[in-house]
>>> print(open('entry-v3.txt').read())   # compact mmCIF, C-alpha atoms and all ligand atoms
# COMPACT_ATOMS: atom_id res chain seq x y z
CA MET A 1 0.00 0.00 0.00
CA ILE A 2 2.81 2.37 0.87
CA GLU A 3 6.44 2.01 -0.03
CA VAL A 4 9.06 4.45 1.23
CA ASP A 5 12.48 4.25 -0.36
CA ALA A 6 15.67 5.93 0.85
CA LEU A 7 13.98 9.05 2.19
CA ASP A 8 16.11 12.00 3.31
CA VAL A 9 14.35 14.91 5.01
CA HIS A 10 15.96 18.21 6.01
CA TYR A 11 14.88 21.20 8.05
CA GLY A 12 17.16 23.81 6.49
CA ASP A 13 20.69 22.53 7.07
CA PHE A 14 19.56 20.04 9.69
CA GLN A 15 18.99 16.50 8.40
CA ALA A 16 16.19 14.75 10.33
CA LEU A 17 15.86 11.52 8.26
CA PHE A 18 18.62 9.54 6.58
CA GLY A 19 17.76 7.00 3.86
CA VAL A 20 14.59 5.77 5.56
CA SER A 21 12.88 2.84 3.81
CA LEU A 22 9.83 0.89 4.85
CA SER A 23 6.82 -0.77 3.31
CA LEU A 24 3.36 -1.48 4.59
CA ALA A 25 0.90 -3.88 2.99
CA ARG A 26 -2.83 -3.23 2.75
CA GLY A 27 -4.79 -4.02 5.91
CA ARG A 28 -1.75 -4.21 8.16
CA ALA A 29 -0.80 -2.00 11.08
CA LEU A 30 2.75 -0.75 11.52
CA ALA A 31 4.09 0.67 14.76
CA LEU A 32 6.68 3.41 14.33
CA ALA A 33 8.76 3.51 17.49
CA GLY A 34 11.70 5.62 18.58
CA ALA A 35 12.86 8.05 21.25
CA ASN A 36 12.03 11.77 21.30
CA GLY A 37 13.53 13.45 18.27
CA ALA A 38 14.13 10.17 16.38
CA GLY A 39 12.18 11.52 13.40
CA LYS A 40 8.78 9.80 13.73
CA THR A 41 6.65 12.92 13.26
CA THR A 42 8.93 14.06 10.45
CA LEU A 43 8.35 10.77 8.63
CA LEU A 44 4.56 11.04 9.02
CA ARG A 45 4.67 14.62 7.76
CA ALA A 46 6.66 13.50 4.72
CA LEU A 47 4.12 10.73 4.04
CA MET A 48 1.30 13.28 4.30
CA GLY A 49 3.09 15.78 2.06
CA ALA A 50 3.32 18.43 4.79
CA HIS A 51 7.11 18.43 4.48
CA LEU A 52 8.76 17.36 1.24
CA PRO A 53 11.81 15.10 1.32
CA SER A 54 15.13 16.17 -0.17
CA ALA A 55 15.75 12.68 -1.60
CA GLY A 56 14.00 9.33 -1.93
CA THR A 57 10.51 8.31 -3.00
CA VAL A 58 7.10 7.60 -1.50
CA ARG A 59 4.85 5.27 -3.50
CA TYR A 60 1.21 4.85 -2.51
CA GLU A 61 -1.10 2.32 -4.14
CA GLY A 62 1.48 1.94 -6.90
CA ALA A 63 1.83 5.66 -7.75
CA ASP A 64 4.73 7.96 -6.98
CA VAL A 65 3.26 10.58 -4.61
CA THR A 66 6.60 11.97 -3.35
CA ALA A 67 5.90 15.53 -4.52
CA LEU A 68 2.10 15.63 -4.17
CA PRO A 69 0.62 18.30 -1.88
CA PRO A 70 -1.34 17.11 1.20
CA HIS A 71 -4.83 17.77 -0.23
CA ASP A 72 -4.11 15.51 -3.20
CA ARG A 73 -3.00 12.75 -0.82
CA VAL A 74 -6.20 13.17 1.22
CA ARG A 75 -8.18 12.78 -1.99
CA ARG A 76 -6.29 9.55 -2.67
CA GLY A 77 -7.19 8.19 0.75
CA ILE A 78 -4.38 9.14 3.14
CA ALA A 79 -5.31 10.88 6.41
CA MET A 80 -3.38 11.87 9.50
CA VAL A 81 -4.35 12.28 13.14
CA PRO A 82 -1.65 14.74 14.23
CA GLU A 83 0.10 14.83 17.58
CA GLY A 84 -1.60 17.35 19.85
CA ARG A 85 -4.82 16.75 17.89
CA ARG A 86 -4.76 20.21 16.23
CA LEU A 87 -8.49 20.93 16.33
CA PHE A 88 -9.93 24.37 15.60
CA PRO A 89 -10.65 25.49 19.19
CA SER A 90 -13.54 27.85 18.45
CA LEU A 91 -15.41 25.36 16.24
CA THR A 92 -17.65 22.68 17.67
CA ALA A 93 -16.58 19.05 17.60
CA GLU A 94 -18.94 18.38 14.71
CA GLU A 95 -17.71 21.39 12.73
CA ASN A 96 -14.16 20.10 13.20
CA ILE A 97 -15.21 16.67 11.95
CA LYS A 98 -16.90 18.20 8.90
CA VAL A 99 -13.65 19.97 7.99
CA GLY A 100 -12.22 16.50 7.43
CA ALA A 101 -14.95 15.69 4.91
CA VAL A 102 -14.22 18.66 2.63
CA ARG A 103 -11.91 16.73 0.31
CA ALA A 104 -13.13 13.24 1.11
CA ALA A 105 -11.54 10.35 -0.78
CA SER A 106 -14.67 8.22 -0.39
CA PRO A 107 -18.17 8.42 1.11
CA ASP A 108 -17.37 5.41 3.29
CA TRP A 109 -17.53 7.34 6.56
CA PRO A 110 -20.68 9.51 6.74
CA LEU A 111 -21.32 11.27 10.08
CA ALA A 112 -23.79 8.62 11.24
CA ARG A 113 -21.23 5.83 10.81
CA ILE A 114 -18.52 7.92 12.50
CA TYR A 115 -20.76 8.54 15.51
CA ASP A 116 -21.69 4.87 15.69
CA PHE A 117 -18.02 3.99 15.67
CA LEU A 118 -16.92 6.77 18.06
CA PRO A 119 -19.75 7.36 20.56
CA LEU A 120 -17.52 9.72 22.52
CA ALA A 121 -17.35 12.08 19.53
CA ALA A 122 -21.14 11.90 19.22
CA THR A 123 -21.61 12.84 22.88
CA VAL A 124 -19.58 16.05 22.49
CA ARG A 125 -20.64 16.94 18.93
CA ASP A 126 -22.11 20.36 19.90
CA ARG A 127 -19.33 21.43 22.25
CA ARG A 128 -16.49 23.72 21.28
CA ALA A 129 -13.19 21.90 20.80
CA SER A 130 -11.56 24.23 23.35
CA ALA A 131 -13.84 22.81 26.07
CA LEU A 132 -13.02 19.13 25.41
CA SER A 133 -10.87 16.82 27.53
CA GLY A 134 -7.80 15.11 26.06
CA GLY A 135 -9.66 11.88 25.36
CA GLU A 136 -12.58 13.72 23.76
CA ARG A 137 -10.19 15.68 21.56
CA GLN A 138 -8.50 12.49 20.48
CA ALA A 139 -11.87 10.95 19.56
CA VAL A 140 -12.80 14.06 17.54
CA ALA A 141 -9.40 14.11 15.82
CA ILE A 142 -9.82 10.47 14.79
CA ALA A 143 -13.38 11.25 13.66
CA ARG A 144 -12.11 14.14 11.55
CA ALA A 145 -9.55 11.89 9.88
CA LEU A 146 -12.22 9.23 9.21
CA ALA A 147 -14.50 11.84 7.64
CA SER A 148 -12.06 12.02 4.73
CA GLY A 149 -12.74 8.35 3.96
CA PRO A 150 -9.13 7.19 4.32
CA ARG A 151 -7.66 3.84 3.30
CA LEU A 152 -4.36 4.67 5.02
CA LEU A 153 -4.41 6.34 8.45
CA LEU A 154 -1.34 7.90 10.04
CA LEU A 155 -1.76 8.27 13.81
CA ASP A 156 0.82 10.35 15.69
CA GLU A 157 1.39 9.76 19.43
CA ILE A 158 -2.11 8.44 19.88
CA SER A 159 -1.95 7.83 23.62
CA LEU A 160 0.28 10.73 24.68
CA GLY A 161 -1.11 12.60 27.68
CA LEU A 162 -4.24 10.47 28.03
CA ALA A 163 -5.38 8.74 31.21
CA PRO A 164 -4.90 4.93 31.15
CA GLY A 165 -8.64 4.25 30.82
CA VAL A 166 -8.87 6.62 27.87
CA VAL A 167 -5.86 4.99 26.21
CA GLU A 168 -7.73 1.70 26.48
CA GLN A 169 -10.70 3.28 24.65
CA VAL A 170 -8.43 4.69 21.95
CA TYR A 171 -6.99 1.22 21.35
CA GLU A 172 -10.52 -0.21 21.15
CA VAL A 173 -10.98 2.25 18.29
CA VAL A 174 -7.71 1.10 16.72
CA ARG A 175 -8.93 -2.51 16.83
CA GLY A 176 -12.21 -1.42 15.22
CA LEU A 177 -10.33 0.42 12.47
CA ARG A 178 -8.32 -2.70 11.75
CA GLU A 179 -11.49 -4.75 11.50
CA SER A 180 -12.87 -2.16 9.05
CA GLY A 181 -9.92 -2.95 6.75
CA ALA A 182 -7.95 0.29 7.22
CA THR A 183 -4.17 0.26 6.89
CA LEU A 184 -2.57 1.95 9.89
CA LEU A 185 0.76 3.56 10.69
CA ILE A 186 0.89 4.32 14.41
CA VAL A 187 3.47 6.37 16.29
CA GLU A 188 3.46 5.19 19.87
CA GLN A 189 5.94 5.80 22.69
CA ASP A 190 4.54 2.91 24.72
CA LEU A 191 6.38 -0.07 23.25
CA ASP A 192 4.15 -2.73 24.76
CA ARG A 193 1.07 -1.05 23.34
CA ALA A 194 2.70 -0.66 19.96
CA LEU A 195 3.82 -4.27 19.80
CA GLY A 196 0.48 -5.53 21.06
CA ALA A 197 -1.63 -3.60 18.55
CA CYS A 198 0.44 -3.87 15.35
CA ASP A 199 1.66 -6.51 12.87
CA ASP A 200 4.92 -4.79 12.02
CA VAL A 201 7.36 -2.55 13.82
CA VAL A 202 9.91 -0.06 12.52
CA CYS A 203 12.21 1.59 15.03
CA LEU A 204 13.90 4.88 14.20
CA LEU A 205 17.10 5.92 15.90
CA GLU A 206 18.43 9.43 15.23
CA GLY A 207 16.75 9.59 11.85
CA ARG A 208 17.74 6.11 10.66
CA VAL A 209 15.88 2.82 10.61
CA ALA A 210 17.36 0.72 13.42
CA LEU A 211 14.92 -2.20 13.22
CA THR A 212 12.28 -3.53 10.83
CA SER A 213 10.38 -6.64 11.82
CA GLU A 214 7.05 -8.33 12.17
CA THR A 215 6.07 -7.76 15.79
CA ALA A 216 5.64 -11.50 16.31
CA ALA A 217 9.26 -12.05 15.29
CA ALA A 218 10.83 -9.24 17.34
CA SER A 219 11.61 -9.72 21.00
CA ARG A 220 10.92 -6.81 23.30
CA GLU A 221 14.68 -6.72 24.00
CA ASP A 222 15.46 -6.31 20.27
CA VAL A 223 13.08 -3.38 20.03
CA VAL A 224 14.36 -1.75 23.21
CA ALA A 225 17.93 -2.10 21.93
CA ALA A 226 16.97 -0.47 18.61
CA TYR A 227 15.06 2.24 20.45
CA PHE A 228 18.01 3.24 22.61
CA GLY A 229 20.79 2.33 20.19
CA THR A 230 22.31 -0.21 22.54
CA GLU A 231 23.52 -3.70 21.65
CA GLY A 232 20.65 -6.15 21.41
CA PRO A 233 20.88 -9.80 22.42
CA HIS A 234 21.02 -10.86 18.76
CA SER A 235 23.26 -8.10 17.41
N1 LIG B 1 10.35 22.50 12.18
C1 LIG B 1 11.54 22.02 12.54
N2 LIG B 1 12.66 22.74 12.34
C2 LIG B 1 13.88 22.26 12.68
N3 LIG B 1 14.10 21.04 13.21
C3 LIG B 1 13.02 20.29 13.44
C4 LIG B 1 11.69 20.71 13.12
N4 LIG B 1 10.83 19.71 13.46
C5 LIG B 1 11.59 18.73 13.97
N5 LIG B 1 12.90 19.06 13.96
C6 LIG B 1 14.00 18.22 14.43
O1 LIG B 1 13.97 17.00 13.66
C7 LIG B 1 14.28 15.89 14.50
C8 LIG B 1 13.16 14.89 14.43
O2 LIG B 1 12.01 15.45 15.04
P1 LIG B 1 10.61 14.71 15.09
O3 LIG B 1 9.62 15.63 15.71
O4 LIG B 1 10.31 14.14 13.76
O5 LIG B 1 10.94 13.53 16.09
P2 LIG B 1 9.96 12.53 16.81
O6 LIG B 1 10.58 11.19 16.72
O7 LIG B 1 8.58 12.70 16.28
O8 LIG B 1 10.04 13.03 18.29
P3 LIG B 1 8.90 13.38 19.35
O9 LIG B 1 8.55 12.07 19.93
O10 LIG B 1 9.61 14.28 20.31
O11 LIG B 1 7.80 14.05 18.60
C9 LIG B 1 14.52 16.46 15.90
O12 LIG B 1 15.91 16.61 16.08
C10 LIG B 1 13.83 17.80 15.86
O13 LIG B 1 14.46 18.70 16.74
>>> encode(input="entry-v3.txt", output="structure tokens")
Amino acid sequence: MIEVDALDVHYGDFQALFGVSLSLARGRALALAGANGAGKTTLLRALMGAHLPSAGTVRYEGADVTALPPHDRVRRGIAMVPEGRRLFPSLTAEENIKVGAVRAASPDWPLARIYDFLPLAATVRDRRASALSGGERQAVAIARALASGPRLLLLDEISLGLAPGVVEQVYEVVRGLRESGATLLIVEQDLDRALGACDDVVCLLEGRVALTSETAAASREDVVAAYFGTEGPHS
């Protein structure tokens, strides 16, 4: 579904990603792990077209989308739930969700289906985003991404700052998304969560891929070693 080959990304003179390659097949979930500053958000932004790479290619459903602007990627079925949720604070939850539908790739997620799937978003639909709790914001941010009818969802730091019970609810939603056939790329600091919820794991270390594996084939020690850049038991 998505194939990233030898991606370099710079911020001015600073290089954030070095030759990053990964691939993700349709219907699978990939956990993108790595310490603060490893380049996870930068990679998602490059996949979304929010920051263009200086070298390398991104292929999506067989087409080269490396230079496409974000709205064209949304139309092709890629959506992102950004870290920090990034809702419009003065709009209601429902108005925020409708923003996601403006350039929808498919009519697969009408409001009624979204509210069925995310009852929490339905409960707060008429409240301003500025008045929502962290968990409610996360639900609305996921709802907004779904409104664009995505086939590939990029989820950044999905459990950051949420209470444990709310994290559990968010992962219920992730399981539901998987059952709906979506392909997922999830940035998650909590390794156990990431490994438990995903088929594949890629670990970034200082802008480089330090580990690529199916989660079933990677030991927790291997992933921790790649995460911190220490010697793993099999290296
Ligand atoms: N707009 C920017 N301008 C300059 N450097 C940036 C910018 N955004 C990120 N960086 C740098 O790029 C590197 C990768 O950052 P990125 O946010 O992608 O990491 P991350 O793995 O998502 O970390 P975190 O978990 O802290 O979000 C870091 O060294 C960061 O300081």
>>> residues_around(input="entry-v3.txt", residues="Ile2 in chain A", least_positions_apart="5", cutoff="10 Å", atoms="all atoms listed in the file", output="PyMOL selection string")
chain A and resi 22-26+47+58-65+152+183
>>> closest_atom_pairs(input="entry-v3.txt", of="range 41-157 of chain A", to="range 202-206 of chain A", cutoff="12 Å", atoms="all atoms listed in the file", output="tab-separated table")
residue	atom	partner	partner_atom	distance
A:Thr41	CA	A:Leu204	CA	10.9
A:Thr42	CA	A:Leu204	CA	11.1
A:Leu43	CA	A:Leu204	CA	9.8
>>> write_last_selection(input="entry-v3.txt", atoms="C-alpha atoms", output="tab-separated table (two decimals), keeping the file's coordinate frame")
chain	number	residue	atom	x	y	z
A	41	THR	CA	6.65	12.92	13.26
A	42	THR	CA	8.93	14.06	10.45
A	43	LEU	CA	8.35	10.77	8.63
>>> residues_near_ligand(input="entry-v3.txt", ligand="ligand LIG 1 (chain B)", cutoff="7 Å", atoms="all atoms listed in the file", output="list of chain:residue names")
A:Tyr11, A:Phe14, A:Ala16, A:Gly34, A:Ala35, A:Asn36, A:Gly37, A:Ala38, A:Gly39, A:Lys40, A:Thr41, A:Thr42, A:Leu43, A:Gly207
>>> closest_residue(input="entry-v3.txt", among="A:Val74, A:Ala33, A:Ala93, A:Leu44", to="Pro150 in chain A", atoms="all atoms listed in the file")
A:Val74
>>> atom_distance(input="entry-v3.txt", atom1="CA of Ala50 in chain A", atom2="CA of Ala121 in chain A")
26.2 Å
>>> closest_residue(input="entry-v3.txt", among="A:Leu185, A:Leu160, A:Ala129, A:Ala122", to="Met1 in chain A", atoms="only C-alpha atoms")
A:Leu185
>>> residues_around(input="entry-v3.txt", residues="Ala112 in chain A", least_positions_apart="2", cutoff="12 Å", atoms="all atoms listed in the file", output="JSON, numbers by chain")
{"A": [94, 97, 107, 108, 109, 110, 114, 115, 116, 117, 118, 119, 121, 122, 125, 143, 146, 147]}
>>> atom_distance(input="entry-v3.txt", atom1="CA of Glu157 in chain A", atom2="CA of Arg193 in chain A")
11.5 Å
>>> build_atoms(input="entry-v3.txt", residues="range 196-214 of chain A", atoms="N, CA and C atoms", output="mmCIF file, in the coordinates of the input")
data_model
loop_
_atom_site.group_PDB
_atom_site.id
_atom_site.type_symbol
_atom_site.label_atom_id
_atom_site.label_comp_id
_atom_site.auth_asym_id
_atom_site.auth_seq_id
_atom_site.Cartn_x
_atom_site.Cartn_y
_atom_site.Cartn_z
ATOM 1 N N GLY A 196 1.714 -4.775 20.890
ATOM 2 C CA GLY A 196 0.480 -5.530 21.060
ATOM 3 C C GLY A 196 -0.557 -5.236 19.991
ATOM 4 N N ALA A 197 -0.543 -4.012 19.446
ATOM 5 C CA ALA A 197 -1.630 -3.600 18.550
ATOM 6 C C ALA A 197 -1.278 -3.730 17.071
ATOM 7 N N CYS A 198 0.013 -3.949 16.752
ATOM 8 C CA CYS A 198 0.440 -3.870 15.350
ATOM 9 C C CYS A 198 1.046 -5.171 14.833
ATOM 10 N N ASP A 199 1.058 -5.317 13.501
ATOM 11 C CA ASP A 199 1.660 -6.510 12.870
ATOM 12 C C ASP A 199 3.148 -6.319 12.665
ATOM 13 N N ASP A 200 3.534 -5.074 12.384
ATOM 14 C CA ASP A 200 4.920 -4.790 12.020
ATOM 15 C C ASP A 200 5.453 -3.663 12.888
ATOM 16 N N VAL A 201 6.760 -3.651 13.071
ATOM 17 C CA VAL A 201 7.360 -2.550 13.820
ATOM 18 C C VAL A 201 8.597 -2.035 13.075
ATOM 19 N N VAL A 202 8.700 -0.708 13.028
ATOM 20 C CA VAL A 202 9.910 -0.060 12.520
ATOM 21 C C VAL A 202 10.384 0.855 13.628
ATOM 22 N N CYS A 203 11.655 0.749 13.985
ATOM 23 C CA CYS A 203 12.210 1.590 15.030
ATOM 24 C C CYS A 203 13.180 2.578 14.414
ATOM 25 N N LEU A 204 12.978 3.853 14.698
ATOM 26 C CA LEU A 204 13.900 4.880 14.200
ATOM 27 C C LEU A 204 14.862 5.265 15.324
ATOM 28 N N LEU A 205 16.098 5.460 14.948
ATOM 29 C CA LEU A 205 17.100 5.920 15.900
ATOM 30 C C LEU A 205 17.869 7.056 15.228
ATOM 31 N N GLU A 206 17.740 8.249 15.777
ATOM 32 C CA GLU A 206 18.430 9.430 15.230
ATOM 33 C C GLU A 206 18.285 9.544 13.725
ATOM 34 N N GLY A 207 17.039 9.370 13.260
ATOM 35 C CA GLY A 207 16.750 9.590 11.850
ATOM 36 C C GLY A 207 17.012 8.425 10.922
ATOM 37 N N ARG A 208 17.465 7.292 11.490
ATOM 38 C CA ARG A 208 17.740 6.110 10.660
ATOM 39 C C ARG A 208 16.914 4.928 11.136
ATOM 40 N N VAL A 209 16.610 4.024 10.211
ATOM 41 C CA VAL A 209 15.880 2.820 10.610
ATOM 42 C C VAL A 209 16.840 1.897 11.352
ATOM 43 N N ALA A 210 16.502 1.586 12.614
ATOM 44 C CA ALA A 210 17.360 0.720 13.420
ATOM 45 C C ALA A 210 16.806 -0.696 13.492
ATOM 46 N N LEU A 211 15.534 -0.871 13.170
ATOM 47 C CA LEU A 211 14.920 -2.200 13.220
ATOM 48 C C LEU A 211 13.670 -2.214 12.360
ATOM 49 N N THR A 212 13.520 -3.282 11.574
ATOM 50 C CA THR A 212 12.280 -3.530 10.830
ATOM 51 C C THR A 212 11.930 -4.986 11.047
ATOM 52 N N SER A 213 10.722 -5.246 11.529
ATOM 53 C CA SER A 213 10.380 -6.640 11.820
ATOM 54 C C SER A 213 8.865 -6.802 11.904
ATOM 55 N N GLU A 214 8.418 -8.046 11.749
ATOM 56 C CA GLU A 214 7.050 -8.330 12.170
ATOM 57 C C GLU A 214 7.084 -8.330 13.695
#
